Structures are given as structure tokens and as C-alpha cells.
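Listing of query39.cif, mmCIF, C-alpha atoms
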data_final
#
loop_
_atom_site.label_atom_id
_atom_site.label_comp_id
_atom_site.auth_asym_id
_atom_site.auth_seq_id
_atom_site.Cartn_x
_atom_site.Cartn_y
_atom_site.Cartn_z
CA MET A 53 -19.24 -21.88 5.36
CA SER A 54 -19.59 -20.24 8.76
CA VAL A 55 -18.10 -16.85 9.53
CA LEU A 56 -15.74 -18.37 12.13
CA ILE A 57 -14.30 -20.99 9.75
CA PHE A 58 -13.99 -18.40 6.98
CA THR A 59 -12.14 -16.02 9.32
CA ILE A 60 -9.68 -18.73 10.39
CA ILE A 61 -8.97 -19.85 6.80
CA VAL A 62 -8.49 -16.27 5.60
CA LEU A 63 -6.29 -15.48 8.60
CA LEU A 64 -3.98 -18.41 7.80
CA GLY A 65 -3.99 -17.70 4.07
CA ALA A 66 -3.26 -14.02 4.66
CA PHE A 67 -0.41 -14.93 7.02
CA LEU A 68 1.12 -17.09 4.27
CA ALA A 69 0.56 -14.37 1.66
CA GLY A 70 2.24 -11.76 3.86
CA PHE A 71 5.11 -14.09 4.73
CA LEU A 72 5.87 -15.16 1.14
CA GLY A 73 5.15 -11.67 -0.19
CA SER A 74 7.81 -10.17 2.04
CA LEU A 75 10.36 -12.96 1.43
CA THR A 76 10.11 -12.68 -2.34
CA GLY A 77 9.54 -8.94 -2.54
CA LEU A 78 6.26 -9.44 -4.37
CA GLY A 79 4.05 -8.00 -1.62
CA GLY A 80 1.04 -9.56 0.11
CA GLY A 81 -1.70 -7.95 -1.98
CA VAL A 82 -0.98 -9.79 -5.21
CA ILE A 83 -1.25 -13.16 -3.43
CA ILE A 84 -4.27 -12.57 -1.23
CA ILE A 85 -6.54 -11.57 -4.14
CA PRO A 86 -6.25 -14.87 -6.08
CA LEU A 87 -6.54 -16.73 -2.78
CA LEU A 88 -9.83 -15.04 -1.91
CA THR A 89 -11.34 -15.11 -5.40
CA LEU A 90 -10.12 -18.45 -6.80
CA GLY A 91 -9.82 -20.29 -3.49
CA LEU A 92 -12.81 -19.08 -1.49
CA GLY A 93 -15.17 -17.75 -4.15
CA VAL A 94 -15.18 -14.21 -2.76
CA ASP A 95 -16.29 -11.50 -5.21
CA ILE A 96 -13.23 -9.68 -6.59
CA HIS A 97 -14.60 -6.29 -5.41
CA TYR A 98 -14.43 -7.40 -1.77
CA ALA A 99 -11.02 -9.01 -2.32
CA ILE A 100 -9.60 -5.77 -3.73
CA GLY A 101 -11.03 -3.71 -0.85
CA ALA A 102 -9.49 -6.03 1.75
CA SER A 103 -6.18 -6.21 -0.09
CA ILE A 104 -5.74 -2.43 -0.27
CA ILE A 105 -6.15 -2.28 3.53
CA SER A 106 -3.41 -4.88 3.98
CA VAL A 107 -1.16 -2.84 1.66
CA ILE A 108 -1.54 0.15 3.99
CA ALA A 109 -0.76 -1.97 7.06
CA THR A 110 2.39 -3.65 5.73
CA SER A 111 3.88 -0.68 3.89
CA THR A 112 3.29 1.67 6.83
CA GLY A 113 4.81 -0.85 9.25
CA SER A 114 8.01 -1.28 7.26
CA ALA A 115 8.22 2.38 6.22
CA ALA A 116 8.50 3.23 9.93
CA ALA A 117 11.79 1.32 10.15
CA TYR A 118 13.24 2.59 6.86
CA VAL A 119 12.48 6.24 7.55
CA LYS A 120 14.39 6.05 10.83
CA GLU A 121 17.44 4.57 9.08
CA GLY A 122 17.56 7.61 6.79
CA LEU A 123 17.25 5.53 3.60
CA THR A 124 14.00 7.10 2.45
CA ASN A 125 14.17 10.27 0.36
CA MET A 126 11.12 12.05 1.79
CA ARG A 127 11.17 14.82 -0.83
CA ILE A 128 11.11 12.36 -3.74
CA GLY A 129 8.35 10.48 -1.92
CA MET A 130 6.21 13.55 -1.33
CA PHE A 131 6.76 14.86 -4.86
CA LEU A 132 5.83 11.58 -6.54
CA GLU A 133 2.86 11.09 -4.22
CA ILE A 134 1.07 13.77 -6.25
CA ALA A 135 1.25 11.38 -9.22
CA THR A 136 0.45 8.19 -7.29
CA THR A 137 -2.54 9.58 -5.37
CA VAL A 138 -4.12 11.11 -8.48
CA GLY A 139 -3.51 7.78 -10.23
CA ALA A 140 -4.88 5.76 -7.31
CA ILE A 141 -8.16 7.66 -7.23
CA LEU A 142 -8.40 7.46 -11.02
CA GLY A 143 -7.85 3.69 -10.84
CA ALA A 144 -10.39 3.17 -8.07
CA VAL A 145 -12.98 5.18 -10.01
CA ILE A 146 -12.26 3.24 -13.23
CA ALA A 147 -12.72 0.01 -11.23
CA VAL A 148 -16.29 1.10 -10.42
CA TYR A 149 -17.22 1.17 -14.09
CA LEU A 150 -15.05 -1.65 -15.36
CA ASN A 151 -16.44 -5.17 -15.63
CA ALA A 152 -15.00 -7.49 -12.95
CA ALA A 153 -13.83 -9.87 -15.69
CA TYR A 154 -11.55 -7.17 -17.19
CA VAL A 155 -10.19 -6.36 -13.73
CA ALA A 156 -9.32 -10.04 -13.26
CA VAL A 157 -7.54 -10.23 -16.65
CA ILE A 158 -5.52 -7.04 -16.01
CA PHE A 159 -4.71 -8.38 -12.55
CA GLY A 160 -3.41 -11.64 -14.01
CA CYS A 161 -1.14 -9.80 -16.46
CA ILE A 162 0.31 -7.54 -13.75
CA LEU A 163 0.82 -10.59 -11.55
CA ILE A 164 2.91 -12.32 -14.24
CA PHE A 165 4.88 -9.13 -14.87
CA SER A 166 5.57 -8.58 -11.15
CA SER A 167 6.74 -12.14 -10.58
CA MET A 168 9.12 -11.85 -13.55
CA MET A 169 10.44 -8.64 -12.02
CA THR A 170 11.39 -10.40 -8.79
CA LEU A 171 13.64 -12.77 -10.81
CA ARG A 172 15.44 -10.12 -12.84
CA LYS A 173 19.08 -9.29 -12.15
CA LYS A 174 19.40 -5.88 -10.58
CA VAL A 175 21.56 -3.46 -12.53
CA ASP A 176 22.85 -0.41 -10.72
CA HIS A 177 21.88 2.73 -12.66
CA THR A 178 23.06 5.32 -10.15
CA THR A 179 24.72 8.44 -11.45
CA LEU A 180 26.45 11.58 -10.19
CA ASP A 181 25.33 13.62 -13.18
CA TYR A 182 23.60 16.60 -11.60
CA SER A 183 22.37 18.12 -14.88
CA SER A 184 18.63 17.51 -14.40
CA LYS A 185 16.88 20.86 -13.94
CA GLY A 186 13.76 19.23 -12.48
CA ALA A 187 15.77 17.39 -9.84
CA LYS A 188 17.50 20.63 -8.88
CA PHE A 189 14.27 22.65 -8.73
CA PHE A 190 12.46 20.05 -6.61
CA LYS A 191 15.58 19.38 -4.48
CA LEU A 192 15.44 15.63 -5.20
CA ASN A 193 19.19 14.87 -5.25
CA GLY A 194 20.31 13.35 -1.97
CA SER A 195 22.56 10.96 -0.11
CA TYR A 196 22.07 7.75 1.85
CA PRO A 197 24.07 5.62 4.28
CA ASN A 198 25.70 2.82 2.21
CA GLN A 199 27.74 0.38 4.37
CA GLY A 200 28.35 3.12 6.88
CA VAL A 201 29.40 5.75 4.33
CA GLU A 202 27.06 8.62 3.41
CA THR A 203 26.89 8.21 -0.39
CA PRO A 204 25.50 10.97 -2.65
CA TYR A 205 23.31 10.32 -5.72
CA ALA A 206 21.85 12.42 -8.51
CA VAL A 207 18.31 12.11 -9.89
CA LYS A 208 17.54 12.04 -13.62
CA ASN A 209 14.41 12.31 -15.79
CA VAL A 210 11.96 13.64 -13.22
CA ALA A 211 9.09 14.01 -15.72
CA GLY A 212 9.48 10.41 -16.94
CA GLY A 213 9.47 9.09 -13.39
CA PHE A 214 6.42 11.19 -12.56
CA PHE A 215 4.38 9.75 -15.44
CA MET A 216 5.44 6.20 -14.65
CA MET A 217 4.24 6.83 -11.08
CA LEU A 218 0.90 8.07 -12.37
CA PHE A 219 0.55 4.73 -14.15
CA ALA A 220 1.71 2.75 -11.09
CA GLY A 221 -0.81 4.64 -8.93
CA THR A 222 -3.63 3.92 -11.38
CA LEU A 223 -2.91 0.18 -11.32
CA SER A 224 -2.66 0.26 -7.53
CA GLY A 225 -6.10 1.87 -7.28
CA LEU A 226 -7.62 -0.35 -9.96
CA LEU A 227 -6.34 -3.67 -8.59
CA GLY A 228 -5.91 -3.04 -4.86
CA ILE A 229 -2.19 -3.80 -4.88
CA GLY A 230 0.90 -1.81 -3.90
CA SER A 231 2.36 -2.06 -7.45
CA GLY A 232 5.85 -1.93 -5.97
CA ALA A 233 7.37 -3.53 -9.09
CA LEU A 234 6.29 -0.58 -11.27
CA LYS A 235 7.31 2.00 -8.69
CA VAL A 236 10.78 0.53 -8.47
CA ILE A 237 11.12 0.62 -12.30
CA ALA A 238 10.19 4.30 -12.27
CA MET A 239 12.79 5.07 -9.63
CA ASP A 240 15.64 2.63 -10.50
CA ASN A 241 15.60 2.67 -14.28
CA ILE A 242 14.11 6.04 -15.10
CA MET A 243 15.17 8.30 -12.23
CA ARG A 244 18.42 6.36 -11.54
CA LEU A 245 18.07 6.07 -7.76
CA PRO A 246 20.13 3.56 -5.74
CA PHE A 247 18.17 0.34 -4.90
CA LYS A 248 18.03 0.97 -1.20
CA VAL A 249 16.58 4.43 -1.73
CA SER A 250 14.10 3.38 -4.42
CA THR A 251 12.69 0.36 -2.56
CA THR A 252 12.32 2.23 0.72
CA THR A 253 10.90 5.37 -0.89
CA SER A 254 8.47 3.25 -2.90
CA ASN A 255 7.35 1.64 0.35
CA PHE A 256 7.01 5.06 1.97
CA MET A 257 4.67 6.23 -0.80
CA MET A 258 2.62 3.05 -0.90
CA GLY A 259 0.69 3.85 2.30
CA VAL A 260 -0.53 7.24 1.12
CA THR A 261 -1.30 5.89 -2.35
CA ALA A 262 -3.30 2.99 -0.93
CA ALA A 263 -5.07 5.31 1.54
CA ALA A 264 -6.23 7.49 -1.38
CA SER A 265 -7.86 4.56 -3.18
CA ALA A 266 -9.03 2.87 0.06
CA VAL A 267 -11.18 5.94 0.73
CA VAL A 268 -12.93 5.50 -2.63
CA TYR A 269 -13.44 1.78 -1.91
CA LEU A 270 -14.80 2.55 1.54
CA HIS A 271 -17.44 4.84 0.11
CA ARG A 272 -18.33 2.17 -2.43
CA GLY A 273 -18.92 -0.47 0.25
CA GLN A 274 -16.03 -2.62 -0.98
CA ILE A 275 -14.33 -2.69 2.41
CA ASP A 276 -16.23 -5.37 4.29
CA PRO A 277 -15.04 -5.65 7.91
CA GLY A 278 -15.60 -9.43 7.90
CA ILE A 279 -12.99 -9.91 5.14
CA ALA A 280 -10.70 -6.93 5.70
CA MET A 281 -10.21 -7.84 9.38
CA PRO A 282 -8.58 -11.29 8.94
CA VAL A 283 -6.79 -10.17 5.76
CA CYS A 284 -5.00 -7.19 7.30
CA ILE A 285 -4.15 -8.95 10.57
CA GLY A 286 -2.83 -12.04 8.77
CA VAL A 287 -0.84 -10.21 6.11
CA LEU A 288 0.73 -7.82 8.63
CA ILE A 289 1.87 -10.60 10.99
CA GLY A 290 3.08 -12.70 8.03
CA ALA A 291 5.04 -9.80 6.55
CA THR A 292 6.61 -8.99 9.92
CA VAL A 293 7.77 -12.58 10.42
CA GLY A 294 8.93 -12.69 6.77
CA ALA A 295 11.07 -9.59 7.20
CA LYS A 296 12.76 -11.18 10.25
CA VAL A 297 13.48 -14.44 8.38
CA LEU A 298 14.65 -12.57 5.24
CA VAL A 299 17.82 -11.37 6.96
CA LYS A 300 19.03 -14.96 7.38
CA ALA A 301 17.41 -16.88 4.52
CA LYS A 302 18.66 -17.43 0.96
CA THR A 303 15.68 -16.61 -1.22
CA ASP A 304 16.94 -17.28 -4.77
CA LYS A 305 15.36 -20.73 -5.17
CA LEU A 306 12.24 -19.70 -3.29
CA LYS A 307 11.79 -16.79 -5.71
CA ILE A 308 11.82 -19.14 -8.72
CA VAL A 309 9.37 -21.62 -7.17
CA PHE A 310 7.16 -18.77 -6.14
CA ALA A 311 7.26 -17.07 -9.56
CA VAL A 312 6.03 -20.36 -11.09
CA VAL A 313 3.18 -20.70 -8.56
CA VAL A 314 2.16 -17.08 -8.99
CA THR A 315 2.20 -17.41 -12.79
CA ILE A 316 -0.13 -20.42 -12.58
CA LEU A 317 -2.48 -18.42 -10.35
CA ALA A 318 -2.30 -15.51 -12.79
CA ILE A 319 -3.18 -17.72 -15.76
CA GLN A 320 -6.16 -19.05 -13.81
CA MET A 321 -7.32 -15.52 -13.06
CA ILE A 322 -7.01 -14.57 -16.75
CA TYR A 323 -8.76 -17.76 -17.87
CA LYS A 324 -11.60 -17.31 -15.40
CA GLY A 325 -11.92 -13.68 -16.44
CA LEU A 326 -12.06 -14.50 -20.15
CA SER A 327 -14.45 -17.42 -19.72
CA GLY A 328 -16.92 -15.27 -17.79
CA GLY A 329 -16.27 -16.72 -14.34
CA PHE A 330 -16.27 -13.32 -12.63
CA MET B 124 26.78 25.85 10.19
CA MET B 125 23.49 26.29 8.40
CA GLN B 126 24.00 22.97 6.70
CA GLU B 127 24.41 21.32 10.09
CA THR B 128 21.20 22.72 11.57
CA LYS B 129 19.26 21.59 8.53
CA GLN B 130 20.59 18.06 8.77
CA ILE B 131 19.61 17.75 12.43
CA THR B 132 16.08 18.90 11.61
CA ASP B 133 15.81 16.34 8.80
CA LYS B 134 16.93 13.53 11.13
CA ASP B 135 14.49 14.68 13.82
CA ILE B 136 11.65 14.66 11.33
CA GLN B 137 12.60 11.17 10.16
CA SER B 138 12.56 9.82 13.70
CA LEU B 139 9.24 11.50 14.49
CA VAL B 140 7.61 10.27 11.26
CA GLY B 141 8.90 6.74 11.95
CA ASN B 142 7.38 6.72 15.44
CA LEU B 143 4.06 8.09 14.23
CA LEU B 144 3.76 5.44 11.53
CA ARG B 145 4.55 2.60 13.93
CA ALA B 146 2.15 3.86 16.63
CA GLY B 147 -0.61 4.31 14.04
CA VAL B 148 -0.31 0.73 12.80
CA TYR B 149 -0.18 -0.77 16.33
CA ILE B 150 -3.12 1.21 17.66
CA SER B 151 -5.37 0.62 14.66
CA MET B 152 -4.52 -3.09 14.57
CA ALA B 153 -5.34 -3.42 18.28
CA ILE B 154 -8.74 -1.83 17.59
CA VAL B 155 -9.33 -4.15 14.60
CA ILE B 156 -8.48 -7.23 16.69
CA LEU B 157 -10.77 -6.13 19.53
CA GLY B 158 -13.62 -5.50 17.09
CA GLY B 159 -12.89 -8.79 15.34
CA ILE B 160 -13.25 -10.76 18.58
CA ILE B 161 -16.58 -9.10 19.40
CA PHE B 162 -17.71 -9.66 15.80
CA LEU B 163 -16.87 -13.37 15.96
CA PHE B 164 -18.69 -13.80 19.28
CA ASP B 165 -21.84 -12.22 17.85
CA HIS B 166 -21.78 -13.58 14.28
CA GLY B 167 -19.27 -16.46 14.25
CA SER B 168 -21.85 -19.14 13.53
CA GLU B 169 -23.64 -17.30 10.72
CA LYS B 170 -23.15 -18.26 7.06
CA ILE B 171 -20.83 -16.13 4.93
CA ASP B 172 -22.20 -14.27 1.95
CA TYR B 173 -19.43 -12.81 -0.20
CA ALA B 174 -20.05 -14.52 -3.53
CA VAL B 175 -21.66 -11.51 -5.21
CA PHE B 176 -20.72 -7.90 -4.55
CA ASP B 177 -23.65 -5.90 -3.22
CA ILE B 178 -23.13 -2.16 -2.97
CA ASN B 179 -25.64 -1.94 -0.11
CA LYS B 180 -24.36 -4.82 2.00
CA VAL B 181 -21.79 -2.84 4.00
CA SER B 182 -23.60 -0.11 5.87
CA LEU B 183 -20.58 1.68 7.34
CA LYS B 184 -19.28 3.48 4.30
CA THR B 185 -18.56 7.04 5.44
CA VAL B 186 -16.38 8.57 8.13
CA ALA B 187 -19.47 10.09 9.76
CA ALA B 188 -21.38 6.78 9.81
CA ILE B 189 -18.41 4.93 11.32
CA PHE B 190 -17.96 7.53 14.09
CA GLU B 191 -21.68 7.41 14.87
CA GLU B 192 -21.82 3.62 15.07
CA VAL B 193 -18.58 2.94 16.97
CA ILE B 194 -20.12 4.04 20.29
CA THR B 195 -22.70 1.25 20.00
CA PHE B 196 -19.75 -1.13 20.56
CA LYS B 197 -20.80 -3.46 17.76
CA GLY B 198 -17.95 -5.61 16.45
CA VAL B 199 -18.35 -4.54 12.81
CA ALA B 200 -18.31 -0.87 13.77
CA ILE B 201 -15.17 -1.25 15.88
CA VAL B 202 -13.36 -3.14 13.09
CA GLN B 203 -14.38 -0.48 10.58
CA PHE B 204 -13.21 2.23 13.02
CA GLY B 205 -9.82 0.51 13.34
CA LEU B 206 -9.52 0.24 9.54
CA LEU B 207 -10.34 3.94 9.29
CA MET B 208 -7.57 4.73 11.80
CA LEU B 209 -5.21 2.67 9.65
CA ILE B 210 -6.23 4.65 6.54
CA PHE B 211 -5.64 7.89 8.49
CA THR B 212 -2.11 6.91 9.57
CA PRO B 213 -0.33 7.65 6.26
CA ILE B 214 -2.53 10.73 5.84
CA ALA B 215 -1.42 11.99 9.27
CA ARG B 216 2.15 11.39 8.12
CA VAL B 217 1.61 13.80 5.21
CA ILE B 218 0.18 16.43 7.59
CA MET B 219 3.24 16.06 9.83
CA ALA B 220 5.57 16.35 6.87
CA VAL B 221 3.82 19.58 5.80
CA VAL B 222 4.26 21.04 9.29
CA SER B 223 7.92 20.08 9.44
CA PHE B 224 8.65 21.46 5.97
CA PHE B 225 6.99 24.67 7.15
CA ILE B 226 9.31 24.82 10.18
CA GLU B 227 12.25 24.21 7.84
CA LYS B 228 10.92 27.10 5.70
CA ASP B 229 10.82 24.84 2.65
CA TYR B 230 7.68 26.39 1.21
CA LEU B 231 7.87 24.51 -2.11
CA TYR B 232 7.40 21.26 -0.19
CA VAL B 233 4.71 22.75 2.03
CA LEU B 234 2.83 23.39 -1.21
CA ILE B 235 3.53 19.90 -2.59
CA GLY B 236 2.32 18.33 0.66
CA LEU B 237 -0.83 20.44 0.62
CA ILE B 238 -1.56 19.31 -2.94
CA VAL B 239 -1.29 15.66 -1.89
CA LEU B 240 -3.53 16.34 1.13
CA SER B 241 -6.19 18.12 -0.89
CA ILE B 242 -6.30 15.25 -3.41
CA ILE B 243 -7.02 12.84 -0.55
CA MET B 244 -9.48 15.22 1.14
CA ILE B 245 -11.54 15.59 -2.03
CA SER B 246 -11.64 11.80 -2.24
CA LEU B 247 -12.53 11.53 1.48
CA SER B 248 -15.54 13.80 1.01
CA GLY B 249 -16.96 11.12 -1.26
CA GLY B 250 -16.64 13.09 -4.45
CA PHE B 251 -15.25 10.23 -6.51
CA ALA B 252 -17.24 7.29 -5.24
CA HIS B 253 -20.28 7.67 -7.45
#
Structure translated into C-alpha cells:
Amino acid sequence: MSVLIFTIIVLLGAFLAGFLGSLTGLGGGVIIIPLLTLGLGVDIHYAIGASIISVIATSTGSAAAYVKEGLTNMRIGMFLEIATTVGAILGAVIAVYLNAAYVAVIFGCILIFSSMMTLRKKVDHTTLDYSSKGAKFFKLNGSYPNQGVETPYAVKNVAGGFFMMLFAGTLSGLLGIGSGALKVIAMDNIMRLPFKVSTTTSNFMMGVTAAASAVVYLHRGQIDPGIAMPVCIGVLIGATVGAKVLVKAKTDKLKIVFAVVVTILAIQMIYKGLSGGF
Amino acid sequence: MMQETKQITDKDIQSLVGNLLRAGVYISMAIVILGGIIFLFDHGSEKIDYAVFDINKVSLKTVAAIFEEVITFKGVAIVQFGLLMLIFTPIARVIMAVVSFFIEKDYLYVLIGLIVLSIIMISLSGGFAH
């Protein structure tokens, strides 16, 4: 295949990945990796390097909008970034020593888990119990604009959230994905943040987390400009269009169809990993 | 009164951070697209070779190497430079946050920000890649 044809195919595929990733909340990274490896026979190391770049582009682009709306809790973001960046570097270093087949199998499992997460019913865990000493010390309790009213919220279990973030960061660095699903669990279920705050703060942290592991990948030669270029352009444009459509579209059915497709891709990744295809 | 001043500062920071992030993404993407076009003109008809990862295939692997090569105006070097700018955007955001927490006299968060920065800087120096 010529470089030109490859670039065009990847550009279109990345656009689709970014578009669907933003509509379903799954993110572009988890879709572009199977597309590159299973669809185009690209080595998973290059796919991960390109994907992490697209994670920086999309999360930074949308974080810009959220931060301005005052939804993001910048202190929680900064505090948890200690955990996610340490994790991200750890993950990227582990990826150097880990067999590509194992990476593919872990990737498949996380893919299934993330797609299940997009289907789950959201339960509001917010609380006004200000008893957490950690939250008080790190000034994490805050308020956010909810339908025009500034609504306060209290933060619980700071240590638990921190460790979950360390894990989320490690997977992000290992697999080249944003691992938004895990970050939201840490913030919604463990730290009890409101959805709007947890999703936007997770997005805010994703850029720095991905930058930390991208640096390791860059030094390793895993960021190939020929792949990273069409991937990040395509995913970013796709995600931007997706975010515009999302406001109007009903995504419930799409999420189910997409979860099925993604699960099939994940099983293929796991199968190929186990049968020595990587 | 004090509460009010603090709130205004927080809002100002949020707006500034938002603008920085957006500008960073637009500028780096423009550089990537420019480099991509040059790259396709020079190498568009060549065969791709991505089936097996080769640690020595990509030559532009360090910040220094990318800065040295970008002035040659080769497509690959410009793309890699744009990607580097993109990687720097969230890092610049952390630097800005540290400065603004310093102005707000929130020294705990100045420290937290510096910890995050030093983690990334150690990684940037290449310490973890081998």
C-alpha cells in the first residue's frame, strides 16, 4: 500500500473513530487501535503511539470549553494528576518490556469493560457530607453551575480516588488510551462528585496524563509521524463534529449497537493476542 | 469581600487556561497539517512499512533532535514538531496553573503543580525510555 492511500484510509477511519467515540462517550483511542492493528496490519506499538497523540488533541480541545464554563474542578484535577502522571509513565515503561500479545489481550478486556460502562445507568452519588479530612486539607470541595444555579458538593474518600487514578493512569500509559471510564468511576463512585464535574475534570486531566506517557513513547520511537499525523487530524475533526451532533441526537440505540461492535473487535484483539498474531 | 476577590481570580484563571488550551491545539494542528502535506508530496508514492515495530525506524525521538531537524523543512520533521507542540500544550497548562496558584498565594497547590511538572520533566529528559 502506498503512503498516500494509507494516509487517506487512516484519515477517514480516524474521523469515524473520533465521531463515534465522542457520540458514545467511549473516546477515539479505543477505536483507532483495533482499526490500525486488525484492519491495516500496523504493529500495535505504532498504533498506541499514534492513539496517545489523538487523546491529547481531543481531550485538550474539549477541556478548553469545559474549563471556561466553570464545570472543571481544577484543584481536584491537579491533585489527581500526580497519580495519573506517575501511573502513565509506569504504564508506558511496562509496555516496553511487555510482550505485544499481552498488551493486545489487556486492551481487549479494557475495551469490553469500557463499552459496558457506556451502557450503565448513571446513579447520582453526590453528597453534602463534608467530613472528609483529605478533601478539606486539599481544598477539593467545590461548587458548579447546575441549570443556572451554583450547586455545592462535598468530596469523599480522597485516598481511594487517588489509588484508582494511579491504576487508570497506568492503563492509559500501557494502552495509549484516555481510560476515561476508569477515571469517571474513581470520581463518581469513590469520590462522589457530580457527573458534570467528574466527566469534565477527567477530560481536563487526560491531556497531561497522555502527555506524560507520550513523552516516553516519543523517546522509544513509537510515535511515527506518518501514522500519528492522519490519526490525530482525523480523530480531532471527528470528535469536534461528534460533539456538535451530540447536542441534538438521541444516542441510546447507537450506544447499544456500538457496544456490540466494540465487543466483537475486543474479542478479535484478545483472540489474535492469545493465538500469537501480534 | 475576600471571598469575592478570590472568585474573580478563579474565573480569570479558568478563562485564560481555556484560551491557552484552544490556541495550543489549533497552532499545533496547523503545523501538523502543513508538515503532512509536504510529507505526502515527498513520500506519497512510497510503500508503507509499519507491520513490524522497529525501534530505530523513527529518527526524530528527542526534543533536541526535532528542534534541530525542523529548520530543514522536511515534512516528517515539521509533523513531529507539531506533535511536540501538542504534547507541550497540556504541560504549559500546568505551568500556568502553578503561576496562578502562586498569585493566589495557594502554596499547597503551587507545590502540587510543581510535583506534576517534575514528574513530566524527568520523563522528558528520557530517563524512563530505556
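Put simply, atom CA of Gly205 of chain B is 9.8 Å away from atom CA of Val193 of chain B.
Going from atom CA of Gly73 of chain A over to atom CA of Phe310 of chain A, you cover 9.5 Å.
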| Where does the PyMOL selection byres ((chain B and resi 240-250) around 9) land in this file, that is, which residues does it pick, as a PyMOL selection string? | (chain A and resi 134+137-138+141+260+263-265+267-268+271) or (chain B and resi 185-186+214+217-218+235-239+251-253)
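We find atom CA of Asn179 of chain B and atom CA of Ala66 of chain A to be spaced 25.9 Å apart.
The neighbours of segment 135-147 of chain B here are the residues that come within 7 Å of it, using all atoms listed in the file and leaving out any residue fewer than 6 positions away in the same chain; they are A:Thr112, A:Gly113, A:Ala116, A:Ala117, A:Val119, A:Lys120, A:Gly122, B:Leu209, B:Thr212, B:Arg216, B:Ser223.
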Just to be explicit: take each residue in the selection above, keep C-alpha atoms, and write the result as a short mmCIF file (atom, residue, chain, number, x, y, z; two decimals), in the coordinates of the input.
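Below you can see out27.cif, which holds the result:
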data_model
loop_
_atom_site.label_atom_id
_atom_site.label_comp_id
_atom_site.auth_asym_id
_atom_site.auth_seq_id
_atom_site.Cartn_x
_atom_site.Cartn_y
_atom_site.Cartn_z
CA THR A 112 3.29 1.67 6.83
CA GLY A 113 4.81 -0.85 9.25
CA ALA A 116 8.50 3.23 9.93
CA ALA A 117 11.79 1.32 10.15
CA VAL A 119 12.48 6.24 7.55
CA LYS A 120 14.39 6.05 10.83
CA GLY A 122 17.56 7.61 6.79
CA LEU B 209 -5.21 2.67 9.65
CA THR B 212 -2.11 6.91 9.57
CA ARG B 216 2.15 11.39 8.12
CA SER B 223 7.92 20.08 9.44
#
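Among the candidates B:Val181, B:Leu206, B:Glu191, B:Lys170, the one nearest to Gly158 of chain B when counting all atoms listed in the file is B:Leu206.
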Fewer than 3 positions away in the same chain doesn't count, so skip those; otherwise give me all residues within 6 Å of Val233 of chain B, counting all atoms listed in the file, as a PyMOL selection string. chain B and resi 221+224-225+230+236
Can you spell out as a count of residues only the set of residues that the PyMOL selection byres ((chain A and resi 156) around 10) selects in the structure I just provided?
26
Mind checking which residues fall within 10 Å of Ile154 of chain B, counting only C-alpha atoms, ignoring those fewer than 5 positions away in the same chain, and posting them as a PyMOL selection string? chain B and resi 149+159+201-206+208-209
Q: Write out as a PyMOL selection string each polymer residue whose atoms come within 8 Å of Leu163 of chain A, counting all atoms listed in the file; drop sequence neighbours fewer than 5 positions from it.
A: chain A and resi 82+314-315+318
Write out, as a PDB file, keeping the file's coordinate frame, the residues just selected, with C-alpha atoms.
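Saved result, again_36.pdb, follows:
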ATOM      1  CA  VAL A  82      -0.980  -9.790  -5.210  1.00  0.00           C
ATOM      2  CA  VAL A 314       2.160 -17.080  -8.990  1.00  0.00           C
ATOM      3  CA  THR A 315       2.200 -17.410 -12.790  1.00  0.00           C
ATOM      4  CA  ALA A 318      -2.300 -15.510 -12.790  1.00  0.00           C
TER       5      ALA A 318
END
If I put a ball of radius 10 Å at (-20.9, -8.4, 12.1) in the file's coordinates, which residues poke into it when counting all atoms listed in the file, written as a list in words? Val55, Asp276, Pro277 and Gly278 of chain A; Gly158, Gly159, Ile161, Phe162, Leu163, Phe164, Asp165, His166, Gly167, Glu169, Val181, Lys197, Gly198, Val199, Ala200, Ile201 and Val202 of chain B
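Comparing A:Phe219, A:Phe190, A:Tyr182, A:Tyr98 by their smallest distance to Ala206 of chain A, the closest is A:Tyr182 (using only C-alpha atoms).
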| query | Counting all atoms listed in the file, what is within 7 Å of Leu192 of chain A, bar same-chain residues fewer than 3 positions away, as a ChimeraX atom specification? | reply | /A:127-128,187-188,207
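Nearest residue to chain B, choosing from A:Lys235, A:Lys208, A:Arg272, A:Lys296 and counting only C-alpha atoms: A:Arg272.
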Practice task
Enumerate, as a list of chain:residue names, the residues matched when the PyMOL selection byres ((chain A and resi 125) around 10) is run on the file above.
Solution key: A:Val119, A:Gly122, A:Leu123, A:Thr124, A:Met126, A:Arg127, A:Ile128, A:Gly129, A:Met130, A:Leu192, A:Asn193, A:Gly194, A:Ser195, A:Tyr196, A:Leu245, A:Val249, A:Ser250, A:Thr252, A:Thr253, A:Ser254, A:Phe256, B:Gln137
The selected residues should be written to file as a PDB file, keeping the file's coordinate frame (atoms: C-alpha atoms).
ATOM      1  CA  VAL A 119      12.480   6.240   7.550  1.00  0.00           C
ATOM      2  CA  GLY A 122      17.560   7.610   6.790  1.00  0.00           C
ATOM      3  CA  LEU A 123      17.250   5.530   3.600  1.00  0.00           C
ATOM      4  CA  THR A 124      14.000   7.100   2.450  1.00  0.00           C
ATOM      5  CA  MET A 126      11.120  12.050   1.790  1.00  0.00           C
ATOM      6  CA  ARG A 127      11.170  14.820  -0.830  1.00  0.00           C
ATOM      7  CA  ILE A 128      11.110  12.360  -3.740  1.00  0.00           C
ATOM      8  CA  GLY A 129       8.350  10.480  -1.920  1.00  0.00           C
ATOM      9  CA  MET A 130       6.210  13.550  -1.330  1.00  0.00           C
ATOM     10  CA  LEU A 192      15.440  15.630  -5.200  1.00  0.00           C
ATOM     11  CA  ASN A 193      19.190  14.870  -5.250  1.00  0.00           C
ATOM     12  CA  GLY A 194      20.310  13.350  -1.970  1.00  0.00           C
ATOM     13  CA  SER A 195      22.560  10.960  -0.110  1.00  0.00           C
ATOM     14  CA  TYR A 196      22.070   7.750   1.850  1.00  0.00           C
ATOM     15  CA  LEU A 245      18.070   6.070  -7.760  1.00  0.00           C
ATOM     16  CA  VAL A 249      16.580   4.430  -1.730  1.00  0.00           C
ATOM     17  CA  SER A 250      14.100   3.380  -4.420  1.00  0.00           C
ATOM     18  CA  THR A 252      12.320   2.230   0.720  1.00  0.00           C
ATOM     19  CA  THR A 253      10.900   5.370  -0.890  1.00  0.00           C
ATOM     20  CA  SER A 254       8.470   3.250  -2.900  1.00  0.00           C
ATOM     21  CA  PHE A 256       7.010   5.060   1.970  1.00  0.00           C
TER      22      PHE A 256
ATOM     23  CA  GLN B 137      12.600  11.170  10.160  1.00  0.00           C
TER      24      GLN B 137
END
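Minimum atom-to-atom distances from B:Ala187, B:Ile194, B:Ile178, B:Met219 to chain A were compared using only C-alpha atoms, and the lowest value belongs to B:Ile178.
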